[in-house]
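Colleague: One structure, pasted below without further comment.
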Amino acid sequence: MNQENSISCLYIYNVYLGYNLLVYMFTVLFVAVAGCIYLHLGKKLSRDGHASEVGKKSHFGGWRQPVLVRGPLGMVSGIELGFFIMFIGLLVWSFSNYLRAGFSQITPAQVQQNDGKLWVARLDAASQKLGLVGNICLAFLFFPVTRASSILPLFGLTSEGSIKYHIWLGHLVMLLFTAHGLCCFIFWHVTKSLSQMLKWQHVGIANVPGELSLLTGLCIWATTYPRVRRKFFELFFYTHYLYILFILLFILHVGISNACNMLPGFFLFMIDRYLRFLQSRRHVRLASARILPCEALELNFAKTSGLTYSPTSILFVNVPSISKLQWHPFTVVSSSGLEQDRLSVVIKVEGTWTRKLYEKLASSPTDHLEVSVEGPYGPASTQFSRHDTIVMVCGGSGITPFLSIIRELIYMKTVLKRDTPKLLLVSAFKKSSDLAILDLILPLSASGLDITDMDLQISGKKIMG
């Protein structure tokens, strides 16, 4: 009879696990595959000339404007604020429903076990529900940092523009999991059962890996504090690799069946991470480097003519001789149409890594420097030409995204012979030498281009120093 009961329980567990995997994994993976097909067809139509951005009007243009500029959330548009409020509403609604269901299942026998204290039994139920709500946030945590995601473009998002969502979700995850851990500790302390902290059950919830996972998450969370991140960036960077340990311990804590809702996002992230690893193993040829008096570098990499990308794309650069693990993102300033054999990024000397790179290029030939890259990543398309006038305001190295826009419009005007918007670039600099970065508006290969017909106005101003 016991053997039959064990077989029956195992069968029920397998059915439950299979159901969870089907509901959570299949749904997300189906959307990801559909996104790949959609993006592939979109690029093909764009190449064949069946899609054009000219004259397109966005029905949500007003909602995309910033409504919050300063504050803990950073710069937030109306759409982002709306979805953020709805997501918080989802968490509150889920927690209240979980809590109501949990409180309704408290029996007189459970209250009696807790010395007749109803609040202790409710605290136990609340701690479990906080963990469940934290699991909802964890399910979305890895989607924004999947750089080659096919899901983000379906919503008009890019990986670099979605980093703030990862930050918001990370804070929510750790806030809820920390509250979950504190409630469990208080419950064990009140019921004089602190020995529960040392139990590692093979079936159900295992406490030890949950505690270790929480400690790992707290280590990662502590380094995200803005002052720590800015002053000790390498500590912040390397500590984030603990995410692997955090997830593995979390799965051991709750079991694979209870982790099914967060596995799809993590699975897609790991596929993306593996593909990026394969790409990064190959070194690229640094064709040339331009060193400016303002301690800025333009690195020109050789590329195939078939590689295309949109303006404001991001390229991650790794120099093994400086650090084998550090990858730094830089804006691609070249136009894939105008410079078909080159891909260029601009780097301003700001920290230790960029200072070492600047010194290496200033003291040795560029062909001796081994470089690996990931990307480029960026928007699937842009809508610059649908405007009559484009006003670009920037400061210092913040000019780099606008350089890519200007070069793309130069390509449209001189090569494609299309009408382009009027351009006004307003840039502020700390030192007079920083004005040299304006020399990067034209690529090195643009000597034969006639841009006299372009309506481009540049206003540069020195603000201090």
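In the structure tokens, chains take letters A, B, ... by order of appearance, with residues numbered from 1 within each chain and ligands from 1 in the order shown.
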Listing only residues of region 329-405 of chain A within 9 Å of region 130-153 of chain A, what is the closest atom pair and its distance in Å (to one decimal) for each, using only C-alpha atoms, sorted by chain and residue number ascending, as a tab-separated table?
Modeller:
residue	atom	partner	partner_atom	distance
A:Gly375	CA	A:Ala148	CA	8.5
A:Tyr377	CA	A:Arg147	CA	6.9
A:Gly378	CA	A:Arg147	CA	9.0
A:Pro379	CA	A:Pro153	CA	7.6
A:Ala380	CA	A:Pro153	CA	7.2
Colleague: Print the selection's residues with N, CA and C atoms to a file, as an mmCIF file, in the first residue's frame.
Modeller:
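result_27.cif, freshly written:
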data_model
loop_
_atom_site.group_PDB
_atom_site.id
_atom_site.type_symbol
_atom_site.label_atom_id
_atom_site.label_comp_id
_atom_site.auth_asym_id
_atom_site.auth_seq_id
_atom_site.Cartn_x
_atom_site.Cartn_y
_atom_site.Cartn_z
ATOM 1 N N GLY A 375 27.773 42.480 -30.152
ATOM 2 C CA GLY A 375 26.811 43.405 -30.727
ATOM 3 C C GLY A 375 27.049 43.594 -32.223
ATOM 4 N N TYR A 377 23.941 46.140 -30.637
ATOM 5 C CA TYR A 377 22.546 46.030 -30.222
ATOM 6 C C TYR A 377 21.907 47.408 -30.322
ATOM 7 N N GLY A 378 20.680 47.425 -30.792
ATOM 8 C CA GLY A 378 19.999 48.710 -30.918
ATOM 9 C C GLY A 378 18.592 48.537 -31.419
ATOM 10 N N PRO A 379 17.927 49.646 -31.697
ATOM 11 C CA PRO A 379 16.550 49.579 -32.188
ATOM 12 C C PRO A 379 16.493 48.939 -33.561
ATOM 13 N N ALA A 380 15.397 48.224 -33.827
ATOM 14 C CA ALA A 380 15.239 47.585 -35.133
ATOM 15 C C ALA A 380 15.120 48.617 -36.250
#
Colleague: Would you list the contacts of region 212-227 of chain A as a PyMOL selection string, taking every protein, DNA or RNA residue within 10 Å and counting only C-alpha atoms, but skipping same-chain residues closer than 2 positions in sequence?
Modeller: chain A and resi 167+170-171+173-175+177-178+180-181+207-210+229-253
Colleague: Find the residues around Thr304 (chain A) up to 9 Å (only C-alpha atoms counted), leave out those fewer than 3 positions away in its own chain, and share them as a PyMOL selection string.
Modeller: chain A and resi 307+340-342
Colleague: Need to verify the contact set: Leu343 (chain A), 9 Å, only C-alpha atoms, exclusion of same-chain residues closer than 3 positions in sequence. Can you return it as a list in words?
Modeller: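 Residues meeting the cut-off are Leu299, Asn300, Phe301, Ala302, Lys303, Val332, Val333, Ser334, Ser335, Ser336, Glu339 and Gln340 of chain A.
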Colleague: So which residues of region 115-332 of chain A fall under helix (DSSP H, G or I) by DSSP, listed as a PyMOL selection string?
Modeller: chain A and resi 118-140+143-145+152-155+160-190+194-198+207-222+226-231+233-254+263-280
Colleague: Give me, as an MDAnalysis selection string, all polymer residues having an atom no more than 10 Å from Gln65 (chain A), counting only C-alpha atoms and skipping those fewer than 5 positions away in the same chain.
Modeller: chainID A and resid 60 75:80
Colleague: Convert the current residue selection to file output with all heavy atoms, as a PDB file, in the first residue's frame.
Modeller:
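part37.pdb, freshly written:
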ATOM      1  N   PHE A  60       0.906  57.208 -29.934  1.00  0.00           N
ATOM      2  CA  PHE A  60       1.250  57.284 -28.523  1.00  0.00           C
ATOM      3  C   PHE A  60       2.413  58.242 -28.285  1.00  0.00           C
ATOM      4  O   PHE A  60       3.140  58.120 -27.298  1.00  0.00           O
ATOM      5  CB  PHE A  60       1.620  55.888 -27.999  1.00  0.00           C
ATOM      6  CG  PHE A  60       0.516  54.875 -28.165  1.00  0.00           C
ATOM      7  CD1 PHE A  60       0.513  54.002 -29.241  1.00  0.00           C
ATOM      8  CD2 PHE A  60      -0.520  54.811 -27.253  1.00  0.00           C
ATOM      9  CE1 PHE A  60      -0.497  53.068 -29.399  1.00  0.00           C
ATOM     10  CE2 PHE A  60      -1.533  53.887 -27.406  1.00  0.00           C
ATOM     11  CZ  PHE A  60      -1.517  53.016 -28.480  1.00  0.00           C
ATOM     12  N   MET A  75      14.362  58.970 -15.290  1.00  0.00           N
ATOM     13  CA  MET A  75      13.500  59.570 -16.304  1.00  0.00           C
ATOM     14  C   MET A  75      12.474  58.533 -16.768  1.00  0.00           C
ATOM     15  O   MET A  75      12.833  57.471 -17.255  1.00  0.00           O
ATOM     16  CB  MET A  75      14.318  60.076 -17.491  1.00  0.00           C
ATOM     17  CG  MET A  75      13.495  60.805 -18.543  1.00  0.00           C
ATOM     18  SD  MET A  75      14.513  61.530 -19.858  1.00  0.00           S
ATOM     19  CE  MET A  75      15.402  62.801 -18.965  1.00  0.00           C
ATOM     20  N   VAL A  76      11.202  58.860 -16.603  1.00  0.00           N
ATOM     21  CA  VAL A  76      10.124  57.905 -16.875  1.00  0.00           C
ATOM     22  C   VAL A  76       9.097  58.571 -17.777  1.00  0.00           C
ATOM     23  O   VAL A  76       8.670  59.703 -17.528  1.00  0.00           O
ATOM     24  CB  VAL A  76       9.448  57.448 -15.560  1.00  0.00           C
ATOM     25  CG1 VAL A  76       8.370  56.405 -15.855  1.00  0.00           C
ATOM     26  CG2 VAL A  76      10.475  56.891 -14.593  1.00  0.00           C
ATOM     27  N   SER A  77       8.691  57.856 -18.833  1.00  0.00           N
ATOM     28  CA  SER A  77       7.660  58.367 -19.739  1.00  0.00           C
ATOM     29  C   SER A  77       6.278  58.030 -19.195  1.00  0.00           C
ATOM     30  O   SER A  77       6.125  57.270 -18.233  1.00  0.00           O
ATOM     31  CB  SER A  77       7.835  57.759 -21.133  1.00  0.00           C
ATOM     32  OG  SER A  77       7.553  56.371 -21.111  1.00  0.00           O
ATOM     33  N   GLY A  78       5.263  58.566 -19.857  1.00  0.00           N
ATOM     34  CA  GLY A  78       3.897  58.315 -19.422  1.00  0.00           C
ATOM     35  C   GLY A  78       3.523  56.848 -19.536  1.00  0.00           C
ATOM     36  O   GLY A  78       2.859  56.288 -18.658  1.00  0.00           O
ATOM     37  N   ILE A  79       3.943  56.200 -20.634  1.00  0.00           N
ATOM     38  CA  ILE A  79       3.655  54.772 -20.814  1.00  0.00           C
ATOM     39  C   ILE A  79       4.344  53.948 -19.734  1.00  0.00           C
ATOM     40  O   ILE A  79       3.743  53.040 -19.138  1.00  0.00           O
ATOM     41  CB  ILE A  79       4.096  54.311 -22.210  1.00  0.00           C
ATOM     42  CG1 ILE A  79       3.201  54.934 -23.283  1.00  0.00           C
ATOM     43  CG2 ILE A  79       4.054  52.790 -22.322  1.00  0.00           C
ATOM     44  CD1 ILE A  79       3.579  54.540 -24.698  1.00  0.00           C
ATOM     45  N   GLU A  80       5.610  54.250 -19.469  1.00  0.00           N
ATOM     46  CA  GLU A  80       6.354  53.507 -18.451  1.00  0.00           C
ATOM     47  C   GLU A  80       5.732  53.679 -17.073  1.00  0.00           C
ATOM     48  O   GLU A  80       5.615  52.705 -16.310  1.00  0.00           O
ATOM     49  CB  GLU A  80       7.817  53.976 -18.432  1.00  0.00           C
ATOM     50  CG  GLU A  80       8.593  53.587 -19.677  1.00  0.00           C
ATOM     51  CD  GLU A  80       9.948  54.236 -19.738  1.00  0.00           C
ATOM     52  OE1 GLU A  80      10.134  55.308 -19.100  1.00  0.00           O
ATOM     53  OE2 GLU A  80      10.826  53.697 -20.428  1.00  0.00           O
TER      54      GLU A  80
END
Colleague: Could you jot down the CA of Ser280 (chain A) to CA of Pro329 (chain A) separation for me, Å, one decimal place?
Modeller: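 Interatomic distance, CA of Ser280 (chain A) to CA of Pro329 (chain A): 13.6 Å.
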Colleague: Output as a list in words all residues of region 299-375 of chain A that backbone DSSP marks as strand (DSSP E).
Modeller: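 Secondary structure check on region 299-375 of chain A, strand (DSSP E): Leu299, Asn300, Phe301, Ala302, Ile314, Leu315, Phe316, Val317, Asn318, His328, Pro329, Phe330, Thr331, Arg342, Leu343, Ser344, Val345, Val346, Ile347, Lys348, Val371, Ser372, Val373, Glu374 and Gly375 of chain A.
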Colleague: Could you tell me how far CA of Glu408 (chain A) sits from CA of Val391 (chain A), in Å to one decimal place?
Modeller: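 CA of Glu408 (chain A) lies 15.4 Å from CA of Val391 (chain A).
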